[in-house]
>>> print(open('query_31.txt').read())   # compact mmCIF, C-alpha atoms
# COMPACT_ATOMS: atom_id res chain seq x y z
CA MET P 261 97.03 193.86 141.90
CA GLU P 262 100.27 192.82 140.63
CA GLU P 263 100.31 190.03 143.08
CA ASN P 264 96.93 188.85 141.82
CA ASN P 265 98.26 188.92 138.30
CA ILE P 266 101.27 186.85 139.29
CA ILE P 267 99.06 184.38 141.11
CA ASP P 268 96.71 184.20 138.10
CA LYS P 269 99.67 183.58 135.79
CA LYS P 270 100.95 180.81 138.06
CA GLU P 271 97.50 179.28 138.16
CA ASN P 272 97.24 179.64 134.39
CA LYS P 273 100.59 177.90 134.01
CA ARG P 274 99.45 175.13 136.31
CA SER P 275 96.11 174.78 134.60
CA SER P 276 97.74 174.86 131.17
CA LYS P 277 100.15 172.10 132.28
CA PHE P 278 97.19 170.17 133.65
CA TYR P 279 95.24 170.56 130.41
CA PHE P 280 98.33 169.68 128.42
CA LEU P 281 98.78 166.46 130.44
CA ILE P 282 95.10 165.63 130.06
CA GLY P 283 95.36 166.23 126.29
CA MET P 284 98.44 164.01 126.10
CA ALA P 285 96.66 161.26 128.04
CA VAL P 286 93.61 161.46 125.79
CA ALA P 287 95.82 161.46 122.69
CA SER P 288 97.75 158.42 123.94
CA VAL P 289 94.49 156.57 124.72
CA VAL P 290 93.14 157.39 121.24
CA LEU P 291 96.43 156.32 119.67
CA ALA P 292 96.36 153.05 121.65
CA CYS P 293 92.74 152.41 120.55
CA VAL P 294 93.67 153.01 116.91
CA PHE P 295 96.67 150.68 117.24
CA ILE P 296 94.54 147.96 118.86
CA ALA P 297 91.89 148.33 116.15
CA TYR P 298 94.61 147.99 113.49
CA ILE P 299 95.94 144.80 115.14
CA ILE P 300 92.42 143.35 115.38
CA GLN P 301 91.72 144.08 111.70
CA LYS P 302 95.06 142.51 110.74
CA ASN P 303 94.22 139.36 112.73
CA ILE P 304 90.76 139.18 111.14
CA ALA P 305 92.30 139.44 107.66
CA GLU P 306 94.84 136.67 108.48
CA ASN P 307 92.11 134.41 109.87
CA LYS P 308 89.95 135.00 106.81
CA LEU P 309 92.88 134.08 104.54
CA LYS P 310 93.58 130.91 106.57
CA LEU P 311 89.89 129.98 106.39
CA GLU P 312 89.85 130.40 102.61
CA GLN P 313 92.98 128.23 102.32
CA GLU P 314 91.43 125.52 104.52
CA ILE P 315 88.22 125.56 102.47
CA ALA P 316 90.25 125.21 99.26
CA ALA P 317 92.22 122.32 100.80
CA GLN P 318 88.99 120.61 101.88
CA ASN P 319 87.58 120.98 98.38
CA ARG P 320 90.71 119.39 96.93
CA ALA P 321 90.48 116.62 99.53
CA GLY P 322 86.84 116.07 98.59
CA ILE P 323 87.82 115.58 94.97
CA VAL P 324 90.55 113.11 95.99
CA ALA P 325 88.10 111.28 98.28
CA ASP P 326 85.57 111.04 95.46
CA SER P 327 88.16 109.56 93.11
CA LEU P 328 89.25 107.10 95.82
CA ARG P 329 85.61 106.17 96.35
CA GLU P 330 85.35 105.32 92.65
CA VAL P 331 88.50 103.19 92.78
CA ASN P 332 87.25 101.39 95.89
CA ALA P 333 83.86 100.82 94.26
CA GLN P 334 85.61 99.09 91.37
CA LYS P 335 87.66 96.96 93.75
CA THR P 336 84.68 95.96 95.88
CA LEU P 337 83.27 94.17 92.86
CA TYR P 338 86.10 91.67 93.26
CA TYR P 339 86.17 91.60 97.06
CA ASN P 340 83.69 88.74 97.43
CA MET P 341 85.45 86.71 94.77
CA ILE P 342 88.83 87.19 96.45
CA ARG P 343 87.37 86.28 99.83
CA HIS P 344 85.72 83.21 98.34
CA MET P 345 88.97 82.10 96.72
CA ALA P 346 90.86 82.54 99.99
CA ASN P 347 88.30 80.34 101.75
CA VAL P 348 88.46 77.74 98.99
CA ASP P 349 92.25 77.66 99.19
CA SER P 350 92.14 77.21 102.97
CA ILE P 351 89.68 74.33 102.58
CA LYS P 352 91.78 72.70 99.87
CA LYS P 353 94.81 72.83 102.16
CA SER P 354 92.92 70.95 104.87
CA GLN P 355 91.75 68.09 102.59
CA ARG P 356 93.47 64.74 102.83
CA TYR P 357 93.98 64.51 99.04
CA LYS P 358 95.65 67.22 96.99
CA LYS P 359 95.77 67.82 93.25
CA GLY P 360 97.89 65.20 91.55
CA ASP P 361 97.49 62.51 94.24
CA ILE P 362 96.80 58.96 93.10
CA VAL P 363 93.76 57.48 94.85
CA TYR P 364 91.69 54.30 94.80
CA LEU P 365 87.95 54.50 94.25
CA LYS P 366 85.79 52.51 96.68
CA PRO P 367 83.38 50.50 94.56
CA ASP P 368 85.96 48.74 92.40
CA SER P 369 89.42 49.94 93.62
CA THR P 370 90.12 51.73 90.36
CA LEU P 371 93.20 53.93 90.32
CA ALA P 372 92.51 57.62 89.63
CA VAL P 373 94.36 60.91 89.78
CA VAL P 374 92.86 63.90 91.60
CA TYR P 375 92.45 66.48 88.86
CA ASP P 376 90.72 69.20 90.86
CA ILE P 377 88.79 69.82 94.07
CA VAL P 378 85.49 71.70 93.74
CA VAL P 379 84.24 73.40 96.91
CA ASP P 380 80.56 74.20 97.34
CA SER P 381 79.56 77.76 98.16
CA SER P 382 78.58 76.72 101.66
CA PHE P 383 82.18 75.52 102.25
CA TYR P 384 80.85 72.36 103.91
CA GLU P 385 80.74 70.10 100.86
CA TYR P 386 83.42 69.46 98.32
CA THR P 387 83.81 67.16 95.36
CA TYR P 388 86.90 65.61 93.84
CA ILE P 389 87.19 65.66 90.07
CA LEU P 390 89.13 62.57 89.14
CA LEU P 391 90.92 61.59 85.98
CA LEU P 392 90.72 57.81 85.44
CA ASN P 393 91.52 55.40 82.69
CA ASN P 394 88.94 52.87 81.67
CA ASN P 395 89.76 49.32 80.51
CA PHE P 396 90.73 50.55 77.07
CA GLY P 397 93.18 53.20 78.34
CA ILE P 398 90.95 56.13 77.40
CA PRO P 399 91.03 58.93 80.02
CA ASN P 400 87.71 59.72 81.63
CA MET P 401 86.66 62.49 84.06
CA SER P 402 84.60 61.56 87.08
CA GLU P 403 83.25 63.39 90.13
CA ARG P 404 83.24 61.71 93.53
CA LYS P 405 82.58 62.76 97.09
CA ASP P 406 85.24 62.25 99.72
CA LYS P 407 83.41 59.26 101.19
CA LEU P 408 83.80 57.27 97.97
CA ILE P 409 87.61 57.52 97.89
CA PHE P 410 90.14 55.64 99.95
>>> encode(input="query_31.txt", output="structure tokens")
Amino acid sequence: MEENNIIDKKENKRSSKFYFLIGMAVASVVLACVFIAYIIQKNIAENKLKLEQEIAAQNRAGIVADSLREVNAQKTLYYNMIRHMANVDSIKKSQRYKKGDIVYLKPDSTLAVVYDIVVDSSFYEYTYILLLNNNFGIPNMSERKDKLIF
């Protein structure tokens, strides 16, 4: 009987060690799950904070874009005029007479000074505004096409 008691005690010790190891394994798994859940919640909170910061930055960028749109809308009013003036200047550079040149008019070889060059909106026709003196020395303004000047 004593031997059975000793064997039972040994088995109890073994089974208690086994149950202790199983308890430790379960506790470590539960502890690992809790730690992983904590890390996941921390990452979710960080991502939520980053998302809120990005949304705030986008809202600020939207306000800046709106103000830039207003500035550009004001500048586009002048865009066509600036483009037109650049084209006019390029056409004036290619003409054979410039402002201030002295020219002869074809019908009667009268001397005149080119006062200005007016370019049509189609950029194909242009007119010279000439400053000429009549017989009495009084200045007179005249408009002539390029074909009537030599």
>>> atom_distance(input="query_31.txt", atom1="CA of Leu291 (chain P)", atom2="CA of Asn303 (chain P)")
18.5 Å
>>> atom_distance(input="query_31.txt", atom1="CA of Ser369 (chain P)", atom2="CA of Ile398 (chain P)")
17.4 Å
>>> atom_distance(input="query_31.txt", atom1="CA of Ser350 (chain P)", atom2="CA of Ile377 (chain P)")
12.0 Å
>>> closest_residue(input="query_31.txt", among="P:Ile304, P:Leu311, P:Leu390, P:Leu281", to="Tyr364 (chain P)", atoms="only C-alpha atoms")
P:Leu390
>>> axis_aligned_box(input="query_31.txt", around="region 332-346 of chain P", padding_each_side="6 Å", output="JSON")
{"center_x": 87.1, "center_y": 91.7, "center_z": 95.7, "size_x": 19.6, "size_y": 31.3, "size_z": 20.6}
>>> residues_near_point(input="query_31.txt", point="(89.0, 70.7, 101.3)", cutoff="10 Å", atoms="only C-alpha atoms", output="PyMOL selection string")
chain P and resi 347-358+377-380+383-388+406
